[in-house]
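What follows is a short report on a single structure.
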Amino acid sequence: MKSTSVLAKTTPRKRENQSPGRDFSSESCLHETCLGSLAPFCRGSLSFERYSLLSPSLVTLGLIPVLTFALGTWQIQRLKWKVDLIDQLSEKLQRDPVPLPRKVNLAAIPEFVYRRVILRGMWDHAHSMLLGPRVRDGINGFHLVTPLVRTNGSTILVDRGFISEPTATKRSYPVLDGEVEVHGMLRDSQTRNAFTPDNSPEKGEWYWADAAAMANYAGGELRGVQPVLVEEIFEGHAGDAAMRLANGVPIGKLPIVDIRNAHASYVATWYSLSALTTVMFMRLLVKRRTSARLPR
């Protein structure tokens, strides 16, 4: 009798509102009472961590199309700027040549870059510099930079053009005495990038056109050398260029604007990446939503 009464006391009472035949302690009941889109994440169904639409990988993939689209739009702006710059410089190059003043205003040089100029004077061959190495039509060589002592007493730097490596090594280029007239275009000093070695004037090694350092090497202010760089213009045909190269005569610069403009390819690259990653993001999003609706 005692055992029966103990069992009666420890037996849990049924809930008054419990429907017949339903067990609220089972996981299936929890699944059935979930609401709408939350059902797949309930206990007994697909895990929340695996199929969450806000997973880090999905968020990262969703940001890539936005970022690449913004970069493509920025490159369009850069392309317009570069085209306008090339047009402005090309227009300057078509103007009539002007003589340089005795004392050049260095602050005004950027406004006159690619302007044609006429120079008269005598070459200072003792301070010639080899700028390079450079390559022209598959031939290795250097650019010959020589100070020009002008008739007005000042000196500026002239990039006379390309000579082959054997000519540069043997110093077999023609040495012209007497007064010469040079037609060229005004240039500014170059900027060294991370892949270009620094110049070593004491060793005679010039890898990039540093007008200030070259002017100091040629005598500096004490000898009236100004850090002004002019590229001599060559307007001959291919036969003239070949003859010059064979005789060691420097081949000057063609009168064209040689600024690199690859922004159109950058635009195509960024927009293509944006479209590709957008498709990938949408496919992954649809796949996750479909998987989230599948029963266990």
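By convention in this document, the chains of the structure tokens carry letters A, B, ... by their order, each chain's residues are numbered from 1, and ligands are numbered from 1 in the order they are shown.
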Exercise: segment 110-124 of chain A partners within 10 Å, only C-alpha atoms, chain neighbours under 3 positions left out, as a PyMOL selection string: chain A and resi 88-101+106-107+127-128+146-158+175-189+218+229-233+255-257
Please save C-alpha atoms of the selected residues as a PDB file, in the first residue's frame.
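Final file, result_37.pdb:
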ATOM      1  CA  GLN A  88      45.928  69.985 -73.708  1.00  0.00           C
ATOM      2  CA  LEU A  89      49.529  68.825 -74.080  1.00  0.00           C
ATOM      3  CA  SER A  90      48.989  67.915 -77.735  1.00  0.00           C
ATOM      4  CA  GLU A  91      47.630  71.390 -78.346  1.00  0.00           C
ATOM      5  CA  LYS A  92      50.738  72.900 -76.731  1.00  0.00           C
ATOM      6  CA  LEU A  93      52.954  70.741 -78.917  1.00  0.00           C
ATOM      7  CA  GLN A  94      51.319  72.166 -82.055  1.00  0.00           C
ATOM      8  CA  ARG A  95      52.143  75.760 -81.166  1.00  0.00           C
ATOM      9  CA  ASP A  96      55.041  77.620 -82.717  1.00  0.00           C
ATOM     10  CA  PRO A  97      58.408  77.197 -80.973  1.00  0.00           C
ATOM     11  CA  VAL A  98      59.497  79.882 -78.522  1.00  0.00           C
ATOM     12  CA  PRO A  99      62.984  80.894 -77.329  1.00  0.00           C
ATOM     13  CA  LEU A 100      63.777  80.245 -73.700  1.00  0.00           C
ATOM     14  CA  PRO A 101      64.684  83.262 -71.599  1.00  0.00           C
ATOM     15  CA  LEU A 106      61.365  76.972 -62.686  1.00  0.00           C
ATOM     16  CA  ALA A 107      57.936  77.369 -61.086  1.00  0.00           C
ATOM     17  CA  HIS A 127      79.769  66.710 -68.733  1.00  0.00           C
ATOM     18  CA  SER A 128      77.704  64.425 -70.983  1.00  0.00           C
ATOM     19  CA  THR A 146      74.573  66.935 -72.722  1.00  0.00           C
ATOM     20  CA  PRO A 147      74.591  70.441 -71.222  1.00  0.00           C
ATOM     21  CA  LEU A 148      74.190  73.198 -73.805  1.00  0.00           C
ATOM     22  CA  VAL A 149      76.066  76.425 -73.045  1.00  0.00           C
ATOM     23  CA  ARG A 150      73.828  78.978 -74.653  1.00  0.00           C
ATOM     24  CA  THR A 151      74.938  82.140 -76.368  1.00  0.00           C
ATOM     25  CA  ASN A 152      73.270  84.224 -73.647  1.00  0.00           C
ATOM     26  CA  GLY A 153      75.592  82.713 -71.022  1.00  0.00           C
ATOM     27  CA  SER A 154      73.240  80.276 -69.250  1.00  0.00           C
ATOM     28  CA  THR A 155      73.352  76.487 -69.534  1.00  0.00           C
ATOM     29  CA  ILE A 156      70.504  73.972 -69.688  1.00  0.00           C
ATOM     30  CA  LEU A 157      70.318  70.193 -70.106  1.00  0.00           C
ATOM     31  CA  VAL A 158      69.420  68.615 -73.456  1.00  0.00           C
ATOM     32  CA  VAL A 175      81.532  65.362 -80.880  1.00  0.00           C
ATOM     33  CA  LEU A 176      80.303  68.530 -82.502  1.00  0.00           C
ATOM     34  CA  ASP A 177      82.194  71.762 -81.919  1.00  0.00           C
ATOM     35  CA  GLY A 178      80.935  75.210 -82.652  1.00  0.00           C
ATOM     36  CA  GLU A 179      77.501  76.712 -82.270  1.00  0.00           C
ATOM     37  CA  VAL A 180      74.469  74.502 -82.902  1.00  0.00           C
ATOM     38  CA  GLU A 181      70.742  75.125 -83.086  1.00  0.00           C
ATOM     39  CA  VAL A 182      68.497  72.688 -81.234  1.00  0.00           C
ATOM     40  CA  HIS A 183      64.774  72.229 -81.741  1.00  0.00           C
ATOM     41  CA  GLY A 184      63.210  70.485 -78.773  1.00  0.00           C
ATOM     42  CA  MET A 185      60.355  70.392 -76.316  1.00  0.00           C
ATOM     43  CA  LEU A 186      60.434  71.406 -72.704  1.00  0.00           C
ATOM     44  CA  ARG A 187      60.090  68.618 -70.154  1.00  0.00           C
ATOM     45  CA  ASP A 188      59.961  68.459 -66.384  1.00  0.00           C
ATOM     46  CA  SER A 189      62.070  66.322 -64.101  1.00  0.00           C
ATOM     47  CA  ALA A 218      77.331  69.764 -64.799  1.00  0.00           C
ATOM     48  CA  LEU A 229      65.494  69.666 -69.327  1.00  0.00           C
ATOM     49  CA  VAL A 230      64.753  69.841 -73.054  1.00  0.00           C
ATOM     50  CA  GLU A 231      64.255  66.800 -75.279  1.00  0.00           C
ATOM     51  CA  GLU A 232      65.626  67.241 -78.782  1.00  0.00           C
ATOM     52  CA  ILE A 233      63.021  66.531 -81.452  1.00  0.00           C
ATOM     53  CA  PRO A 255      57.008  65.162 -81.239  1.00  0.00           C
ATOM     54  CA  ILE A 256      54.176  63.246 -79.611  1.00  0.00           C
ATOM     55  CA  VAL A 257      52.641  63.123 -76.158  1.00  0.00           C
TER      56      VAL A 257
END
May I have the residues within 8 Å of Gly252 of chain A as number ranges by chain, using only C-alpha atoms and disregarding those fewer than 2 positions away in the same chain? A: 159-162, 231-234, 250, 254
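Distance annotation: of A:Arg289, A:His237, A:His263, A:Lys253, the residue with the minimal separation from His143 of chain A is A:Lys253; atom set is only C-alpha atoms.
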Can you list, as a ChimeraX atom specification, all residues belonging to segment 111-278 of chain A that DSSP tags as strand (DSSP E)? /A:116-123,129-136,139-150,155-164,180-187,225-232
According to DSSP computed on the backbone, where in segment 60-292 of chain A is there alpha helix (DSSP H)? Give the residues as a ChimeraX atom specification. /A:60-93,109-112,165-170,211-217,238-247,263-292
Check which residues of segment 169-266 of chain A sit at most 12 Å from segment 55-77 of chain A using only C-alpha atoms, and return one row each with the closest pair of atoms and their distance in Å to one decimal, ordered by chain and rising number, as a tab-separated table.
residue	atom	partner	partner_atom	distance
A:Asn261	CA	A:Gln75	CA	11.1
A:Ala262	CA	A:Gln75	CA	9.7
A:His263	CA	A:Gln75	CA	6.0
A:Ala264	CA	A:Ile76	CA	7.4
A:Ser265	CA	A:Gln75	CA	9.3
A:Tyr266	CA	A:Gln75	CA	6.6
Residues near segment 191-193 of chain A, anyone? I mean within 12 Å using only C-alpha atoms, not counting same-chain ones fewer than 3 positions away, as a ChimeraX atom specification. /A:188,196-199,206-212
Mind writing the picked residues with all heavy atoms as an mmCIF file, in the first residue's frame?
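Here's the written file selection_16.cif:
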data_model
loop_
_atom_site.group_PDB
_atom_site.id
_atom_site.type_symbol
_atom_site.label_atom_id
_atom_site.label_comp_id
_atom_site.auth_asym_id
_atom_site.auth_seq_id
_atom_site.Cartn_x
_atom_site.Cartn_y
_atom_site.Cartn_z
ATOM 1 N N ASP A 188 59.664 68.285 -67.800
ATOM 2 C CA ASP A 188 59.961 68.459 -66.384
ATOM 3 C C ASP A 188 60.759 67.261 -65.880
ATOM 4 O O ASP A 188 60.913 66.257 -66.566
ATOM 5 C CB ASP A 188 58.678 68.637 -65.568
ATOM 6 C CG ASP A 188 57.674 67.526 -65.824
ATOM 7 O OD1 ASP A 188 57.972 66.655 -66.676
ATOM 8 O OD2 ASP A 188 56.603 67.518 -65.191
ATOM 9 N N THR A 196 62.843 51.617 -59.830
ATOM 10 C CA THR A 196 63.979 52.242 -60.499
ATOM 11 C C THR A 196 65.087 52.528 -59.496
ATOM 12 O O THR A 196 64.841 53.166 -58.469
ATOM 13 C CB THR A 196 63.554 53.551 -61.176
ATOM 14 O OG1 THR A 196 62.488 53.291 -62.097
ATOM 15 C CG2 THR A 196 64.720 54.173 -61.920
ATOM 16 N N PRO A 197 66.304 52.077 -59.756
ATOM 17 C CA PRO A 197 67.406 52.372 -58.828
ATOM 18 C C PRO A 197 67.678 53.870 -58.764
ATOM 19 O O PRO A 197 67.354 54.629 -59.693
ATOM 20 C CB PRO A 197 68.589 51.609 -59.443
ATOM 21 C CG PRO A 197 67.987 50.622 -60.388
ATOM 22 C CD PRO A 197 66.714 51.228 -60.877
ATOM 23 N N ASP A 198 68.270 54.276 -57.682
ATOM 24 C CA ASP A 198 68.616 55.684 -57.550
ATOM 25 C C ASP A 198 69.874 55.979 -58.361
ATOM 26 O O ASP A 198 70.703 55.103 -58.604
ATOM 27 C CB ASP A 198 68.840 56.036 -56.077
ATOM 28 C CG ASP A 198 68.696 57.528 -55.832
ATOM 29 O OD1 ASP A 198 68.396 58.254 -56.815
ATOM 30 O OD2 ASP A 198 68.880 57.974 -54.689
ATOM 31 N N ASN A 199 70.006 57.235 -58.769
ATOM 32 C CA ASN A 199 71.171 57.635 -59.551
ATOM 33 C C ASN A 199 72.432 57.622 -58.704
ATOM 34 O O ASN A 199 72.394 57.850 -57.486
ATOM 35 C CB ASN A 199 70.958 59.035 -60.137
ATOM 36 C CG ASN A 199 69.804 59.075 -61.124
ATOM 37 O OD1 ASN A 199 69.565 58.117 -61.858
ATOM 38 N ND2 ASN A 199 69.088 60.188 -61.151
ATOM 39 N N TRP A 206 73.081 56.992 -64.372
ATOM 40 C CA TRP A 206 71.857 57.792 -64.343
ATOM 41 C C TRP A 206 70.708 56.919 -64.849
ATOM 42 O O TRP A 206 70.664 56.567 -66.024
ATOM 43 C CB TRP A 206 71.999 59.034 -65.219
ATOM 44 C CG TRP A 206 73.110 59.939 -64.798
ATOM 45 C CD1 TRP A 206 74.396 59.919 -65.247
ATOM 46 C CD2 TRP A 206 73.041 60.977 -63.815
ATOM 47 N NE1 TRP A 206 75.145 60.881 -64.625
ATOM 48 C CE2 TRP A 206 74.332 61.558 -63.736
ATOM 49 C CE3 TRP A 206 72.017 61.478 -63.008
ATOM 50 C CZ2 TRP A 206 74.627 62.615 -62.878
ATOM 51 C CZ3 TRP A 206 72.309 62.542 -62.166
ATOM 52 C CH2 TRP A 206 73.591 63.096 -62.088
ATOM 53 N N TYR A 207 69.804 56.571 -63.944
ATOM 54 C CA TYR A 207 68.686 55.693 -64.292
ATOM 55 C C TYR A 207 67.410 56.469 -64.589
ATOM 56 O O TYR A 207 66.532 55.971 -65.283
ATOM 57 C CB TYR A 207 68.434 54.706 -63.156
ATOM 58 C CG TYR A 207 69.612 53.808 -62.863
ATOM 59 C CD1 TYR A 207 70.467 54.080 -61.798
ATOM 60 C CD2 TYR A 207 69.886 52.704 -63.667
ATOM 61 C CE1 TYR A 207 71.557 53.258 -61.532
ATOM 62 C CE2 TYR A 207 70.977 51.882 -63.406
ATOM 63 C CZ TYR A 207 71.807 52.173 -62.333
ATOM 64 O OH TYR A 207 72.889 51.364 -62.081
ATOM 65 N N TRP A 208 67.279 57.650 -64.062
ATOM 66 C CA TRP A 208 66.102 58.475 -64.307
ATOM 67 C C TRP A 208 66.524 59.938 -64.365
ATOM 68 O O TRP A 208 67.557 60.333 -63.822
ATOM 69 C CB TRP A 208 65.037 58.266 -63.229
ATOM 70 C CG TRP A 208 65.496 58.496 -61.821
ATOM 71 C CD1 TRP A 208 66.314 57.689 -61.079
ATOM 72 C CD2 TRP A 208 65.179 59.611 -60.991
ATOM 73 N NE1 TRP A 208 66.524 58.223 -59.838
ATOM 74 C CE2 TRP A 208 65.838 59.404 -59.743
ATOM 75 C CE3 TRP A 208 64.391 60.743 -61.144
ATOM 76 C CZ2 TRP A 208 65.735 60.305 -58.692
ATOM 77 C CZ3 TRP A 208 64.277 61.634 -60.098
ATOM 78 C CH2 TRP A 208 64.953 61.415 -58.896
ATOM 79 N N ALA A 209 65.742 60.724 -65.067
ATOM 80 C CA ALA A 209 66.105 62.112 -65.349
ATOM 81 C C ALA A 209 65.789 63.003 -64.155
ATOM 82 O O ALA A 209 64.684 63.538 -64.034
ATOM 83 C CB ALA A 209 65.387 62.599 -66.594
ATOM 84 N N ASP A 210 66.763 63.153 -63.284
ATOM 85 C CA ASP A 210 66.669 64.067 -62.149
ATOM 86 C C ASP A 210 67.370 65.357 -62.567
ATOM 87 O O ASP A 210 68.600 65.476 -62.486
ATOM 88 C CB ASP A 210 67.330 63.448 -60.922
ATOM 89 C CG ASP A 210 67.166 64.306 -59.675
ATOM 90 O OD1 ASP A 210 66.656 65.438 -59.796
ATOM 91 O OD2 ASP A 210 67.566 63.846 -58.581
ATOM 92 N N ALA A 211 66.596 66.344 -63.012
ATOM 93 C CA ALA A 211 67.170 67.558 -63.588
ATOM 94 C C ALA A 211 68.039 68.305 -62.582
ATOM 95 O O ALA A 211 69.105 68.835 -62.942
ATOM 96 C CB ALA A 211 66.050 68.461 -64.109
ATOM 97 N N ALA A 212 67.620 68.348 -61.330
ATOM 98 C CA ALA A 212 68.397 69.068 -60.321
ATOM 99 C C ALA A 212 69.758 68.416 -60.097
ATOM 100 O O ALA A 212 70.794 69.097 -60.052
ATOM 101 C CB ALA A 212 67.607 69.129 -59.014
#
